[in-house]
Amino acid sequence: MSFPGSRILTSPALASASLVEAFRNVVTPHISDNLGRHIGARGLTRYNRSGKLVGTALTVKTRPGDNLYIYKALTLLEPGHVLVIDAQGDSNNAVIGELIKLYAQQRGCVGFIVDGAIRDVASFEDTPCYARSVVHCGPYKSGPGEINVPVSIGGMIVNPGDLIVGDEDGLVAFSQADAEQVLVKARQHEAHEEQVKAEIASGAIDQSWLDKVLEKAGLAN
């Protein structure tokens with residue numbers, strides 16, 4: 001299908017295993033600080049208690065409260081995919097729960113992002129999952145929807161094939177084409193913060209990182 005509103009498009013290539021592994025030790029603040037400090041999902045809650053989410057986006061856009069096209073997306077999952085669902089922020093009906101989670105995991109899905117509601121929330125404690133809300137009411141299955149189209153997740157645009165990184169601080173997404181540069185910038189940011197931590201640990205009252213900001217703002221004295 002290719003008509004707008006009911007499109008099912010081919011999934012882009014998965015991110016390489018080496019790229020995914022490289023981002024497992026990168027925290028989301030170091031990424032978003034190098035993406036203009038405004039790119040990232042807001043308003044979603046992390047429902048897993050531990051674990052890092054790194055994978056390739058398979059995107060779904062659904063009518064609020066409906067999961068027919070999520071069912072179709074399950075058949076397209078490949079190992080390493082993150083199921084990214086734009087349910088338009090609806091909180092009246094959950095669009096995924098434990099059964100979808102279990103089947104998706106069997107197909108290699110590494111995590112779930114839902115701008116909408118989930119249910120069976122306890123089953124996600126050990127599975128990377130971010131969602132707008134929780135509700136016991138189940139979904140409808142009449143469509144319409146779209147698969148592998150750009151979606152909006154907490155104000156962040158996610159394109160199919162984007163690399164997704166999620167941790168206790170939240171979620172960021174960026175293109176695979178930009179990933180190597182993002183990785184370099186994030187590692188430089190980490191190294192800078194380690195230098196700041198060492199300076200703080202020295203116990204010195206005067207701190208260069210603090211003075212630099214105040215001097216630039218004309219507040220040094």
# chains A, B, ... in the order shown; residues from 1 in each chain; ligands from 1
call {"tool": "select_by_dssp", "arguments": {"residues": "chain A", "states": "strand (DSSP E or B)", "output": "JSON, numbers by chain"}}
result
{"A": [8, 45, 46, 53, 54, 55, 56, 57, 58, 59, 60, 61, 62, 66, 81, 82, 83, 84, 85, 86, 94, 95, 96, 111, 112, 113, 114, 115, 116, 117, 118, 129, 130, 131, 132, 133, 134, 140, 145, 146, 147, 151, 152, 153, 156, 157, 158, 163, 164, 165, 166, 167, 170, 171, 172, 173, 174]}
call {"tool": "select_by_dssp", "arguments": {"residues": "segment 154-221 of chain A", "states": "alpha helix (DSSP H)", "output": "MDAnalysis selection string"}}
result
chainID A and resid 176:201 208:216
call {"tool": "closest_atom_pairs", "arguments": {"of": "segment 20-72 of chain A", "to": "segment 108-125 of chain A", "cutoff": "12 Å", "atoms": "only C-alpha atoms", "output": "JSON lines"}}
result
{"residue": "A:Val20", "atom": "CA", "partner": "A:Val110", "partner_atom": "CA", "distance": 11.4}
{"residue": "A:Ala41", "atom": "CA", "partner": "A:Asp115", "partner_atom": "CA", "distance": 9.5}
{"residue": "A:Arg42", "atom": "CA", "partner": "A:Asp115", "partner_atom": "CA", "distance": 9.9}
{"residue": "A:Gly43", "atom": "CA", "partner": "A:Asp115", "partner_atom": "CA", "distance": 8.8}
{"residue": "A:Leu44", "atom": "CA", "partner": "A:Asp115", "partner_atom": "CA", "distance": 7.2}
{"residue": "A:Thr45", "atom": "CA", "partner": "A:Val114", "partner_atom": "CA", "distance": 9.7}
{"residue": "A:Arg46", "atom": "CA", "partner": "A:Ile113", "partner_atom": "CA", "distance": 9.2}
{"residue": "A:Tyr47", "atom": "CA", "partner": "A:Glu125", "partner_atom": "CA", "distance": 6.1}
{"residue": "A:Asn48", "atom": "CA", "partner": "A:Glu125", "partner_atom": "CA", "distance": 4.0}
{"residue": "A:Arg49", "atom": "CA", "partner": "A:Glu125", "partner_atom": "CA", "distance": 5.4}
{"residue": "A:Ser50", "atom": "CA", "partner": "A:Glu125", "partner_atom": "CA", "distance": 7.7}
{"residue": "A:Gly51", "atom": "CA", "partner": "A:Glu125", "partner_atom": "CA", "distance": 9.7}
{"residue": "A:Lys52", "atom": "CA", "partner": "A:Gly111", "partner_atom": "CA", "distance": 9.3}
{"residue": "A:Leu53", "atom": "CA", "partner": "A:Gly111", "partner_atom": "CA", "distance": 6.5}
{"residue": "A:Val54", "atom": "CA", "partner": "A:Val110", "partner_atom": "CA", "distance": 7.6}
{"residue": "A:Gly55", "atom": "CA", "partner": "A:Val110", "partner_atom": "CA", "distance": 6.8}
{"residue": "A:Thr56", "atom": "CA", "partner": "A:Val110", "partner_atom": "CA", "distance": 9.0}
{"residue": "A:Ala57", "atom": "CA", "partner": "A:Ile113", "partner_atom": "CA", "distance": 9.5}
{"residue": "A:Leu58", "atom": "CA", "partner": "A:Cys109", "partner_atom": "CA", "distance": 9.5}
{"residue": "A:Thr59", "atom": "CA", "partner": "A:Ile113", "partner_atom": "CA", "distance": 9.5}
{"residue": "A:Val60", "atom": "CA", "partner": "A:Val114", "partner_atom": "CA", "distance": 9.5}
{"residue": "A:Lys61", "atom": "CA", "partner": "A:Asp115", "partner_atom": "CA", "distance": 9.7}
{"residue": "A:Thr62", "atom": "CA", "partner": "A:Gly116", "partner_atom": "CA", "distance": 9.7}
{"residue": "A:Arg63", "atom": "CA", "partner": "A:Gly116", "partner_atom": "CA", "distance": 10.5}
{"residue": "A:Pro64", "atom": "CA", "partner": "A:Gly116", "partner_atom": "CA", "distance": 7.8}
{"residue": "A:Gly65", "atom": "CA", "partner": "A:Gly116", "partner_atom": "CA", "distance": 8.1}
{"residue": "A:Asp66", "atom": "CA", "partner": "A:Gly116", "partner_atom": "CA", "distance": 10.4}
{"residue": "A:Asn67", "atom": "CA", "partner": "A:Gly116", "partner_atom": "CA", "distance": 11.0}
{"residue": "A:Ile70", "atom": "CA", "partner": "A:Val114", "partner_atom": "CA", "distance": 11.0}
call {"tool": "closest_residue", "arguments": {"among": "A:Gln181, A:Ser175, A:Asn221, A:Asn92", "to": "Ile157 of chain A", "atoms": "only C-alpha atoms"}}
result
A:Ser175
call {"tool": "atom_distance", "arguments": {"atom1": "atom CA of Ser208 of chain A", "atom2": "atom CA of Arg37 of chain A"}}
result
22.5 Å
call {"tool": "atom_distance", "arguments": {"atom1": "atom CA of Pro29 of chain A", "atom2": "atom CA of Met156 of chain A"}}
result
15.1 Å
call {"tool": "closest_residue", "arguments": {"among": "A:Ser152, A:Gln188, A:Gln207, A:Asn93", "to": "Ala220 of chain A", "atoms": "only C-alpha atoms"}}
result
A:Gln207
call {"tool": "closest_residue", "arguments": {"among": "A:Lys72, A:Lys216, A:Lys185, A:Arg24", "to": "Leu163 of chain A", "atoms": "only C-alpha atoms"}}
result
A:Arg24
call {"tool": "residues_around", "arguments": {"residues": "Ala179 of chain A", "least_positions_apart": "3", "cutoff": "10 Å", "atoms": "only C-alpha atoms", "output": "count of residues only"}}
result
14
call {"tool": "atom_distance", "arguments": {"atom1": "atom CA of Glu168 of chain A", "atom2": "atom CA of Ser133 of chain A"}}
result
16.6 Å
call {"tool": "closest_residue", "arguments": {"among": "A:Ile164, A:Val172, A:Ala73, A:Val84", "to": "Val151 of chain A", "atoms": "only C-alpha atoms"}}
result
A:Val84
call {"tool": "closest_residue", "arguments": {"among": "A:Asp33, A:Asp211, A:Glu78, A:Glu180", "to": "Pro12 of chain A", "atoms": "only C-alpha atoms"}}
result
A:Glu78
call {"tool": "closest_residue", "arguments": {"among": "A:Ile100, A:Ala22, A:Ala177, A:Leu77", "to": "Val165 of chain A", "atoms": "only C-alpha atoms"}}
result
A:Ala22
call {"tool": "residues_around", "arguments": {"residues": "Gly5 of chain A", "least_positions_apart": "3", "cutoff": "9 Å", "atoms": "only C-alpha atoms", "output": "short mmCIF file (atom, residue, chain, number, x, y, z; two decimals) with N, CA and C atoms, in the first residue's frame"}}
result
data_model
loop_
_atom_site.label_atom_id
_atom_site.label_comp_id
_atom_site.auth_asym_id
_atom_site.auth_seq_id
_atom_site.Cartn_x
_atom_site.Cartn_y
_atom_site.Cartn_z
N SER A 2 0.48 2.28 -0.73
CA SER A 2 1.31 3.49 -0.78
C SER A 2 0.50 4.76 -0.70
N LYS A 61 2.36 4.71 12.67
CA LYS A 61 1.42 5.77 13.03
C LYS A 61 0.03 5.16 13.05
N PRO A 144 -7.40 3.26 10.41
CA PRO A 144 -6.26 3.06 9.52
C PRO A 144 -4.94 3.24 10.25
N GLY A 145 -3.86 3.32 9.47
CA GLY A 145 -2.55 3.54 10.04
C GLY A 145 -1.51 3.55 8.94
N GLU A 146 -0.25 3.75 9.35
CA GLU A 146 0.87 3.75 8.41
C GLU A 146 2.08 3.12 9.07
#
